[in-house]
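Q: Dropping in structure.txt, which is compact mmCIF, N, CA and C atoms:
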# COMPACT_ATOMS: atom_id res chain seq x y z
N MET A 28 31.52 -55.13 26.75
CA MET A 28 31.28 -53.93 27.53
C MET A 28 29.90 -53.36 27.24
N LYS A 29 29.49 -53.39 25.96
CA LYS A 29 28.19 -52.86 25.58
C LYS A 29 27.07 -53.67 26.23
N LYS A 30 27.20 -55.00 26.26
CA LYS A 30 26.17 -55.85 26.87
C LYS A 30 26.10 -55.61 28.37
N LEU A 31 27.24 -55.38 28.99
CA LEU A 31 27.27 -55.11 30.43
C LEU A 31 26.58 -53.78 30.73
N THR A 32 26.78 -52.78 29.90
CA THR A 32 26.12 -51.48 30.08
C THR A 32 24.61 -51.62 29.90
N GLU A 33 24.19 -52.36 28.86
CA GLU A 33 22.77 -52.59 28.64
C GLU A 33 22.13 -53.33 29.82
N LEU A 34 22.81 -54.33 30.34
CA LEU A 34 22.31 -55.07 31.48
C LEU A 34 22.20 -54.17 32.72
N ALA A 35 23.18 -53.31 32.92
CA ALA A 35 23.15 -52.39 34.06
C ALA A 35 21.98 -51.42 33.94
N ILE A 36 21.72 -50.91 32.75
CA ILE A 36 20.61 -49.98 32.53
C ILE A 36 19.28 -50.70 32.79
N ILE A 37 19.14 -51.91 32.30
CA ILE A 37 17.90 -52.68 32.52
C ILE A 37 17.70 -52.94 34.01
N LEU A 38 18.73 -53.32 34.72
CA LEU A 38 18.62 -53.57 36.16
C LEU A 38 18.26 -52.30 36.92
N ILE A 39 18.84 -51.18 36.54
CA ILE A 39 18.51 -49.90 37.20
C ILE A 39 17.05 -49.55 36.94
N LEU A 40 16.58 -49.69 35.71
CA LEU A 40 15.18 -49.39 35.40
C LEU A 40 14.22 -50.30 36.16
N LEU A 41 14.54 -51.57 36.26
CA LEU A 41 13.69 -52.48 37.03
C LEU A 41 13.69 -52.12 38.52
N ALA A 42 14.83 -51.74 39.04
CA ALA A 42 14.90 -51.35 40.45
C ALA A 42 14.09 -50.09 40.72
N VAL A 43 14.20 -49.11 39.83
CA VAL A 43 13.44 -47.87 39.99
C VAL A 43 11.95 -48.14 39.87
N SER A 44 11.54 -48.97 38.92
CA SER A 44 10.10 -49.25 38.76
C SER A 44 9.56 -50.03 39.94
N SER A 45 10.32 -50.95 40.51
CA SER A 45 9.84 -51.67 41.69
C SER A 45 9.81 -50.77 42.90
N TRP A 46 10.76 -49.85 43.02
CA TRP A 46 10.76 -48.89 44.12
C TRP A 46 9.56 -47.97 44.02
N ALA A 47 9.15 -47.61 42.81
CA ALA A 47 8.00 -46.72 42.63
C ALA A 47 6.71 -47.36 43.14
N GLN A 48 6.65 -48.69 43.17
CA GLN A 48 5.48 -49.37 43.69
C GLN A 48 5.44 -49.39 45.21
N GLU A 49 6.53 -49.03 45.86
CA GLU A 49 6.64 -49.08 47.31
C GLU A 49 6.78 -47.67 47.90
N VAL A 50 6.01 -46.73 47.42
CA VAL A 50 6.08 -45.36 47.90
C VAL A 50 5.59 -45.30 49.34
N ARG A 51 6.44 -44.80 50.23
CA ARG A 51 6.06 -44.72 51.65
C ARG A 51 5.54 -43.34 52.01
N ASN A 52 5.94 -42.31 51.28
CA ASN A 52 5.55 -40.94 51.59
C ASN A 52 4.82 -40.33 50.40
N GLU A 53 3.72 -39.64 50.68
CA GLU A 53 2.98 -38.95 49.62
C GLU A 53 2.65 -37.54 50.12
N VAL A 54 2.83 -36.56 49.27
CA VAL A 54 2.49 -35.17 49.59
C VAL A 54 1.47 -34.71 48.56
N THR A 55 0.40 -34.05 49.04
CA THR A 55 -0.63 -33.56 48.13
C THR A 55 -0.89 -32.08 48.39
N VAL A 56 -1.24 -31.38 47.34
CA VAL A 56 -1.69 -29.99 47.43
C VAL A 56 -2.95 -29.89 46.59
N GLN A 57 -4.02 -29.36 47.19
CA GLN A 57 -5.30 -29.28 46.50
C GLN A 57 -5.90 -27.90 46.69
N GLY A 58 -6.77 -27.53 45.78
CA GLY A 58 -7.55 -26.31 45.93
C GLY A 58 -8.88 -26.63 46.58
N SER A 59 -9.39 -25.69 47.34
CA SER A 59 -10.69 -25.87 47.96
C SER A 59 -11.53 -24.62 47.74
N GLY A 60 -12.82 -24.76 47.83
CA GLY A 60 -13.71 -23.62 47.61
C GLY A 60 -14.79 -23.55 48.66
N PHE A 61 -15.23 -22.34 48.93
CA PHE A 61 -16.29 -22.08 49.90
C PHE A 61 -17.31 -21.23 49.17
N PHE A 62 -18.45 -21.82 48.79
CA PHE A 62 -19.44 -21.14 47.97
C PHE A 62 -20.78 -21.11 48.70
N GLN A 63 -21.27 -19.90 48.92
CA GLN A 63 -22.54 -19.74 49.63
C GLN A 63 -23.46 -18.87 48.79
N LYS A 64 -24.73 -18.89 49.12
CA LYS A 64 -25.67 -18.03 48.42
C LYS A 64 -26.22 -16.98 49.38
N GLN A 65 -26.71 -15.93 48.82
CA GLN A 65 -27.29 -14.84 49.62
C GLN A 65 -28.60 -15.31 50.23
N THR A 66 -28.82 -14.99 51.50
CA THR A 66 -30.06 -15.34 52.18
C THR A 66 -30.63 -14.11 52.88
N THR A 67 -31.94 -14.11 53.02
CA THR A 67 -32.64 -13.04 53.74
C THR A 67 -33.64 -13.68 54.68
N ASN A 68 -33.62 -13.22 55.94
CA ASN A 68 -34.54 -13.74 56.94
C ASN A 68 -34.84 -12.63 57.95
N ARG A 69 -36.12 -12.33 58.14
CA ARG A 69 -36.57 -11.32 59.10
C ARG A 69 -35.91 -9.97 58.89
N GLY A 70 -35.77 -9.58 57.65
CA GLY A 70 -35.24 -8.27 57.31
C GLY A 70 -33.73 -8.16 57.34
N ILE A 71 -33.03 -9.24 57.58
CA ILE A 71 -31.56 -9.23 57.59
C ILE A 71 -31.08 -10.02 56.38
N THR A 72 -30.23 -9.39 55.58
CA THR A 72 -29.68 -10.03 54.39
C THR A 72 -28.22 -10.40 54.65
N ASN A 73 -27.89 -11.65 54.38
CA ASN A 73 -26.52 -12.14 54.52
C ASN A 73 -25.91 -12.23 53.13
N GLU A 74 -24.86 -11.45 52.88
CA GLU A 74 -24.18 -11.45 51.59
C GLU A 74 -22.78 -12.04 51.76
N PRO A 75 -22.63 -13.36 51.66
CA PRO A 75 -21.30 -13.97 51.80
C PRO A 75 -20.52 -13.85 50.50
N THR A 76 -19.22 -13.99 50.60
CA THR A 76 -18.37 -14.00 49.41
C THR A 76 -18.04 -15.45 49.05
N ASN A 77 -17.78 -15.69 47.80
CA ASN A 77 -17.24 -16.97 47.37
C ASN A 77 -15.73 -16.86 47.45
N SER A 78 -15.09 -17.84 48.02
CA SER A 78 -13.64 -17.76 48.19
C SER A 78 -13.01 -19.12 47.93
N GLY A 79 -11.73 -19.08 47.70
CA GLY A 79 -10.97 -20.30 47.48
C GLY A 79 -9.89 -20.42 48.53
N GLY A 80 -9.39 -21.62 48.67
CA GLY A 80 -8.35 -21.87 49.64
C GLY A 80 -7.40 -22.93 49.15
N VAL A 81 -6.54 -23.36 50.04
CA VAL A 81 -5.56 -24.37 49.69
C VAL A 81 -5.55 -25.43 50.79
N MET A 82 -5.36 -26.67 50.37
CA MET A 82 -5.26 -27.78 51.31
C MET A 82 -3.99 -28.55 51.00
N ALA A 83 -3.17 -28.80 52.03
CA ALA A 83 -1.94 -29.57 51.88
C ALA A 83 -2.03 -30.80 52.76
N GLY A 84 -1.52 -31.91 52.26
CA GLY A 84 -1.61 -33.15 53.01
C GLY A 84 -0.34 -33.97 52.91
N TYR A 85 -0.17 -34.83 53.90
CA TYR A 85 0.97 -35.75 53.94
C TYR A 85 0.45 -37.12 54.34
N ARG A 86 0.82 -38.14 53.59
CA ARG A 86 0.43 -39.52 53.89
C ARG A 86 1.69 -40.37 54.04
N PHE A 87 1.70 -41.14 55.12
CA PHE A 87 2.81 -42.07 55.35
C PHE A 87 2.25 -43.48 55.34
N ASN A 88 2.74 -44.30 54.42
CA ASN A 88 2.29 -45.68 54.29
C ASN A 88 3.11 -46.56 55.23
N LEU A 89 2.48 -47.02 56.29
CA LEU A 89 3.15 -47.88 57.26
C LEU A 89 3.39 -49.27 56.69
N LYS A 90 2.38 -49.81 56.05
CA LYS A 90 2.42 -51.12 55.38
C LYS A 90 1.76 -50.94 54.03
N ASN A 91 1.74 -51.98 53.20
CA ASN A 91 1.06 -51.84 51.92
C ASN A 91 -0.45 -51.77 52.09
N TRP A 92 -0.97 -52.07 53.28
CA TRP A 92 -2.41 -52.04 53.54
C TRP A 92 -2.82 -51.01 54.59
N LEU A 93 -1.86 -50.31 55.20
CA LEU A 93 -2.15 -49.37 56.27
C LEU A 93 -1.36 -48.08 56.10
N ALA A 94 -2.07 -46.94 56.25
CA ALA A 94 -1.41 -45.63 56.12
C ALA A 94 -2.03 -44.65 57.12
N VAL A 95 -1.29 -43.59 57.43
CA VAL A 95 -1.81 -42.48 58.23
C VAL A 95 -1.65 -41.21 57.41
N GLU A 96 -2.59 -40.28 57.59
CA GLU A 96 -2.58 -39.06 56.77
C GLU A 96 -2.95 -37.86 57.62
N GLY A 97 -2.30 -36.74 57.36
CA GLY A 97 -2.63 -35.48 58.00
C GLY A 97 -2.83 -34.41 56.94
N ASP A 98 -3.87 -33.59 57.09
CA ASP A 98 -4.17 -32.53 56.13
C ASP A 98 -4.37 -31.21 56.86
N TYR A 99 -4.03 -30.12 56.17
CA TYR A 99 -4.27 -28.77 56.68
C TYR A 99 -4.96 -27.97 55.58
N ASP A 100 -6.06 -27.30 55.92
CA ASP A 100 -6.86 -26.54 54.96
C ASP A 100 -6.99 -25.11 55.47
N TYR A 101 -6.81 -24.14 54.57
CA TYR A 101 -6.94 -22.73 54.93
C TYR A 101 -7.71 -21.99 53.84
N PHE A 102 -8.65 -21.16 54.24
CA PHE A 102 -9.25 -20.20 53.33
C PHE A 102 -9.71 -18.98 54.10
N ARG A 103 -9.83 -17.87 53.38
CA ARG A 103 -10.24 -16.60 53.96
C ARG A 103 -11.56 -16.22 53.31
N ASN A 104 -12.48 -15.74 54.11
CA ASN A 104 -13.82 -15.41 53.64
C ASN A 104 -14.33 -14.23 54.45
N HIS A 105 -15.36 -13.59 53.98
CA HIS A 105 -16.05 -12.58 54.80
C HIS A 105 -17.54 -12.58 54.46
N GLU A 106 -18.33 -12.12 55.43
CA GLU A 106 -19.77 -12.01 55.25
C GLU A 106 -20.20 -10.60 55.61
N THR A 107 -21.19 -10.10 54.89
CA THR A 107 -21.76 -8.79 55.17
C THR A 107 -23.23 -8.98 55.48
N PHE A 108 -23.66 -8.45 56.62
CA PHE A 108 -25.05 -8.52 57.04
C PHE A 108 -25.67 -7.14 56.90
N LEU A 109 -26.74 -7.05 56.13
CA LEU A 109 -27.43 -5.78 55.90
C LEU A 109 -28.78 -5.81 56.58
N SER A 110 -29.09 -4.76 57.33
CA SER A 110 -30.40 -4.64 57.97
C SER A 110 -30.77 -3.16 58.03
N SER A 111 -31.97 -2.87 58.50
CA SER A 111 -32.39 -1.48 58.61
C SER A 111 -31.56 -0.74 59.65
N GLY A 112 -30.92 -1.47 60.58
CA GLY A 112 -30.09 -0.85 61.61
C GLY A 112 -28.67 -0.57 61.16
N GLY A 113 -28.28 -1.03 59.99
CA GLY A 113 -26.92 -0.79 59.50
C GLY A 113 -26.32 -2.01 58.85
N THR A 114 -25.01 -1.95 58.65
CA THR A 114 -24.27 -3.00 57.98
C THR A 114 -23.20 -3.53 58.92
N THR A 115 -23.06 -4.84 58.96
CA THR A 115 -22.02 -5.48 59.76
C THR A 115 -21.15 -6.32 58.83
N PHE A 116 -19.84 -6.14 58.94
CA PHE A 116 -18.86 -6.86 58.12
C PHE A 116 -18.07 -7.79 59.04
N ILE A 117 -18.05 -9.10 58.72
CA ILE A 117 -17.33 -10.06 59.55
C ILE A 117 -16.31 -10.81 58.68
N PRO A 118 -15.01 -10.53 58.88
CA PRO A 118 -13.99 -11.31 58.15
C PRO A 118 -13.73 -12.63 58.87
N MET A 119 -13.37 -13.67 58.11
CA MET A 119 -13.09 -14.98 58.69
C MET A 119 -11.83 -15.57 58.08
N ASN A 120 -10.96 -16.08 58.91
CA ASN A 120 -9.84 -16.92 58.50
C ASN A 120 -10.14 -18.31 59.02
N VAL A 121 -10.30 -19.26 58.14
CA VAL A 121 -10.67 -20.62 58.53
C VAL A 121 -9.46 -21.53 58.37
N HIS A 122 -9.09 -22.21 59.47
CA HIS A 122 -8.01 -23.19 59.48
C HIS A 122 -8.62 -24.52 59.92
N ALA A 123 -8.29 -25.58 59.22
CA ALA A 123 -8.79 -26.90 59.60
C ALA A 123 -7.64 -27.91 59.52
N ALA A 124 -7.54 -28.75 60.53
CA ALA A 124 -6.54 -29.81 60.55
C ALA A 124 -7.27 -31.14 60.68
N THR A 125 -6.84 -32.13 59.89
CA THR A 125 -7.49 -33.44 59.86
C THR A 125 -6.43 -34.53 59.98
N GLY A 126 -6.72 -35.53 60.78
CA GLY A 126 -5.85 -36.70 60.90
C GLY A 126 -6.67 -37.95 60.65
N THR A 127 -6.14 -38.86 59.85
CA THR A 127 -6.89 -40.07 59.50
C THR A 127 -5.98 -41.29 59.46
N ALA A 128 -6.59 -42.44 59.64
CA ALA A 128 -5.94 -43.73 59.42
C ALA A 128 -6.67 -44.39 58.25
N ILE A 129 -5.92 -44.98 57.34
CA ILE A 129 -6.49 -45.57 56.14
C ILE A 129 -6.10 -47.04 56.08
N MET A 130 -7.10 -47.92 55.99
CA MET A 130 -6.86 -49.35 55.82
C MET A 130 -7.28 -49.71 54.40
N LYS A 131 -6.32 -50.13 53.59
CA LYS A 131 -6.58 -50.48 52.19
C LYS A 131 -7.01 -51.94 52.11
N LEU A 132 -8.17 -52.18 51.52
CA LEU A 132 -8.70 -53.53 51.35
C LEU A 132 -8.19 -54.11 50.03
N PRO A 133 -8.27 -55.41 49.84
CA PRO A 133 -7.79 -56.02 48.59
C PRO A 133 -8.51 -55.45 47.36
N ALA A 134 -7.75 -55.15 46.33
CA ALA A 134 -8.29 -54.62 45.08
C ALA A 134 -8.89 -55.76 44.26
N PHE A 135 -9.86 -55.42 43.41
CA PHE A 135 -10.47 -56.41 42.53
C PHE A 135 -10.89 -55.74 41.23
N LYS A 136 -11.11 -56.57 40.20
CA LYS A 136 -11.53 -56.08 38.89
C LYS A 136 -13.04 -56.14 38.78
N MET A 137 -13.60 -55.15 38.04
CA MET A 137 -15.03 -55.11 37.77
C MET A 137 -15.23 -54.88 36.28
N PRO A 138 -16.34 -55.35 35.73
CA PRO A 138 -16.62 -55.05 34.32
C PRO A 138 -16.71 -53.54 34.10
N ALA A 139 -16.18 -53.07 33.00
CA ALA A 139 -16.19 -51.67 32.58
C ALA A 139 -15.31 -50.78 33.45
N VAL A 140 -14.61 -51.37 34.42
CA VAL A 140 -13.68 -50.61 35.26
C VAL A 140 -12.40 -51.44 35.33
N LYS A 141 -11.26 -50.78 35.21
CA LYS A 141 -10.01 -51.54 35.24
C LYS A 141 -9.81 -52.23 36.58
N ILE A 142 -9.81 -51.45 37.65
CA ILE A 142 -9.58 -52.04 38.96
C ILE A 142 -10.24 -51.17 40.03
N VAL A 143 -10.77 -51.78 41.05
CA VAL A 143 -11.40 -51.08 42.16
C VAL A 143 -10.53 -51.31 43.40
N SER A 144 -10.18 -50.23 44.08
CA SER A 144 -9.33 -50.31 45.28
C SER A 144 -10.09 -49.75 46.47
N PRO A 145 -10.87 -50.57 47.18
CA PRO A 145 -11.63 -50.06 48.32
C PRO A 145 -10.73 -49.79 49.53
N PHE A 146 -11.20 -48.93 50.43
CA PHE A 146 -10.45 -48.62 51.63
C PHE A 146 -11.41 -48.21 52.73
N VAL A 147 -10.93 -48.26 53.97
CA VAL A 147 -11.68 -47.81 55.14
C VAL A 147 -10.92 -46.63 55.71
N LEU A 148 -11.65 -45.55 55.99
CA LEU A 148 -11.03 -44.32 56.47
C LEU A 148 -11.64 -43.95 57.82
N ALA A 149 -10.80 -43.70 58.82
CA ALA A 149 -11.29 -43.27 60.14
C ALA A 149 -10.41 -42.13 60.62
N GLY A 150 -11.03 -41.09 61.12
CA GLY A 150 -10.23 -39.96 61.59
C GLY A 150 -11.05 -38.89 62.23
N GLY A 151 -10.43 -37.77 62.45
CA GLY A 151 -11.10 -36.65 63.06
C GLY A 151 -10.47 -35.35 62.60
N SER A 152 -11.15 -34.24 62.92
CA SER A 152 -10.62 -32.95 62.48
C SER A 152 -10.92 -31.89 63.55
N HIS A 153 -10.25 -30.77 63.39
CA HIS A 153 -10.44 -29.64 64.27
C HIS A 153 -10.40 -28.38 63.43
N VAL A 154 -11.43 -27.57 63.55
CA VAL A 154 -11.51 -26.31 62.81
C VAL A 154 -11.19 -25.18 63.79
N LEU A 155 -10.26 -24.32 63.41
CA LEU A 155 -9.86 -23.21 64.26
C LEU A 155 -10.50 -21.92 63.81
Turn the structure described in the file into structure tokens.
A:
Amino acid sequence: MKKLTELAIILILLAVSSWAQEVRNEVTVQGSGFFQKQTTNRGITNEPTNSGGVMAGYRFNLKNWLAVEGDYDYFRNHETFLSSGGTTFIPMNVHAATGTAIMKLPAFKMPAVKIVSPFVLAGGSHVL
């Protein structure tokens, strides 16, 4: 009975590890930043804020060499324009959606690097 239990545990671990190599769905959450510097031109000073945002993504692996991915990015920012005529404050909510197709090329080994996994990425985006 003990050997049968050990064999069952080993088989379950092997099945889980092989399944982990075949991940079809991936979800990512990343931080993003929007960093600008103050500029002055013709008596107008632009004082932007530095802000952070969040980006969430989903990747679906169709084959071991082909995947599709969609990402959504959001951040909030504002700019203040100062001139002799007064001050203007412009708030901004930035939304961006991106869709891509990813073709994974064969991986290879390089000196001083364990493995290199090249890929080709094609897609488009829309900023709202």
Q: Enter the distance from atom CA of Asn120 of chain A to atom C of Asn68 of chain A, in Å, rounded to one decimal.
A: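 About the pair atom CA of Asn120 of chain A and atom C of Asn68 of chain A: they are 25.4 Å apart.
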Q: Edge lengths and centre in Å to one decimal, as JSON, is what I'm after for the box along x, y and z that holds all listed atoms of segment 113-121 of chain A once 5 Å is added on each side.
A:
{"center_x": -18.9, "center_y": -11.2, "center_z": 59.0, "size_x": 28.8, "size_y": 30.7, "size_z": 12.0}
Q: Hey, which of A:Val95, A:Met137, A:Ile117, A:Ala123 ends up closest to Ala149 of chain A? Count only C-alpha atoms.
A: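 Selected residue with least distance to Ala149 of chain A: A:Val95.
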Q: Would you please give, as JSON, numbers by chain, all residues of chain A that DSSP assigns to strand (DSSP E or B) based on the backbone?
A: {"A": [52, 53, 54, 55, 56, 57, 58, 59, 60, 61, 66, 67, 68, 71, 72, 73, 74, 75, 78, 79, 80, 81, 82, 83, 84, 85, 86, 87, 88, 93, 94, 95, 96, 97, 98, 99, 100, 101, 102, 103, 104, 105, 106, 107, 108, 109, 110, 113, 114, 115, 116, 117, 118, 119, 120, 121, 122, 123, 124, 125, 126, 127, 128, 129, 130, 131, 135, 136, 137, 140, 141, 142, 143, 146, 147, 148, 149, 150, 151, 152, 153, 154]}
Q: Taking into account only C-alpha atoms, which residue in the set A:Ile71, A:Val140, A:Ala94, A:Val81 is nearest to Val50 of chain A?
A: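 The shortest atom-to-atom distance to Val50 of chain A comes from A:Ala94.
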Q: Give me the residues within 6 Å of segment 84-87 of chain A as an MDAnalysis selection string, counting all atoms listed in the file and dropping any in the same chain fewer than 4 places off.
A: chainID A and resid 51:56 93:99
Q: Just to confirm, what's the straight-line distance from atom C of Pro133 of chain A to atom CA of Lys90 of chain A in Å (one decimal)?
A: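 About the pair atom C of Pro133 of chain A and atom CA of Lys90 of chain A: they are 14.2 Å apart.
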Q: With only C-alpha atoms as the basis for distance, which of A:Phe61, A:Tyr101, A:Phe135, A:Phe116 is at the shortest distance from Leu155 of chain A?
A: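 Among the listed residues, A:Tyr101 lies closest to Leu155 of chain A.
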Q: Considering only C-alpha atoms, can you say which of A:Ile142, A:Val147, A:Ala134, A:Ala128 comes closest to Asn88 of chain A?
A: A:Ala128
Q: Please list as a PyMOL selection string every residue within 6.5 Å of Pro118 of chain A, counting only N, CA and C atoms and excluding residues in the same chain fewer than 6 positions away.
A: chain A and resi 104-106
Q: Could you jot down the atom N of Gly80 of chain A to atom CA of Arg103 of chain A separation for me, Å, one decimal place?
A: 7.3 Å
Q: Considering only N, CA and C atoms, state which residue in the set A:Val154, A:Gly79, A:Gln57, A:Arg69 is at the smallest distance from Thr125 of chain A.
A: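 Of A:Val154, A:Gly79, A:Gln57, A:Arg69, the one nearest Thr125 of chain A is A:Val154, counting only N, CA and C atoms.
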Q: Between A:Lys131, A:Thr107, A:Gly60, A:Phe102, which is the closest to Pro75 of chain A once you count only N, CA and C atoms?
A: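 Of A:Lys131, A:Thr107, A:Gly60, A:Phe102, the one nearest Pro75 of chain A is A:Thr107, counting only N, CA and C atoms.
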Q: As a PyMOL selection string, please: the residues near Trp92 of chain A (cut-off 7 Å, all atoms listed in the file, same-chain neighbours under 4 positions excluded).
A: chain A and resi 129-132
Q: Write a file for segment 111-155 of chain A of the given structure; include C-alpha atoms and format it as a short mmCIF file (atom, residue, chain, number, x, y, z; two decimals), in the first residue's frame.
A:
data_model
loop_
_atom_site.label_atom_id
_atom_site.label_comp_id
_atom_site.auth_asym_id
_atom_site.auth_seq_id
_atom_site.Cartn_x
_atom_site.Cartn_y
_atom_site.Cartn_z
CA SER A 111 0.84 86.28 -18.05
CA GLY A 112 -2.85 85.89 -19.00
CA GLY A 113 -3.58 83.42 -16.19
CA THR A 114 -3.46 79.75 -15.29
CA THR A 115 -5.10 76.87 -17.11
CA PHE A 116 -5.56 73.45 -15.46
CA ILE A 117 -6.23 70.43 -17.71
CA PRO A 118 -7.02 67.05 -16.09
CA MET A 119 -6.51 63.90 -18.19
CA ASN A 120 -7.75 60.34 -17.87
CA VAL A 121 -5.77 58.19 -20.29
CA HIS A 122 -7.11 54.79 -21.40
CA ALA A 123 -5.22 52.61 -23.86
CA ALA A 124 -6.17 49.23 -25.32
CA THR A 125 -3.67 47.05 -27.21
CA GLY A 126 -4.14 43.84 -29.17
CA THR A 127 -1.23 41.75 -30.43
CA ALA A 128 -0.36 38.45 -32.06
CA ILE A 129 2.85 36.76 -30.90
CA MET A 130 4.78 34.18 -32.93
CA LYS A 131 7.39 32.40 -30.80
CA LEU A 132 10.52 31.38 -32.72
CA PRO A 133 12.69 28.38 -31.75
CA ALA A 134 14.74 28.98 -28.59
CA PHE A 135 18.52 28.55 -28.57
CA LYS A 136 21.43 28.70 -26.13
CA MET A 137 24.07 31.44 -26.13
CA PRO A 138 27.32 31.78 -24.19
CA ALA A 139 26.84 33.60 -20.86
CA VAL A 140 23.04 33.31 -21.25
CA LYS A 141 21.03 30.24 -20.33
CA ILE A 142 18.53 30.39 -23.17
CA VAL A 143 17.27 32.96 -25.67
CA SER A 144 13.60 32.84 -26.72
CA PRO A 145 13.03 35.17 -29.70
CA PHE A 146 9.55 36.15 -30.86
CA VAL A 147 7.77 38.29 -33.44
CA LEU A 148 5.10 40.70 -32.21
CA ALA A 149 2.49 42.42 -34.41
CA GLY A 150 -0.44 44.45 -33.20
CA GLY A 151 -2.13 47.75 -32.75
CA SER A 152 -3.52 50.01 -30.07
CA HIS A 153 -6.10 52.68 -29.46
CA VAL A 154 -5.76 55.50 -26.94
CA LEU A 155 -8.99 57.00 -25.62
#
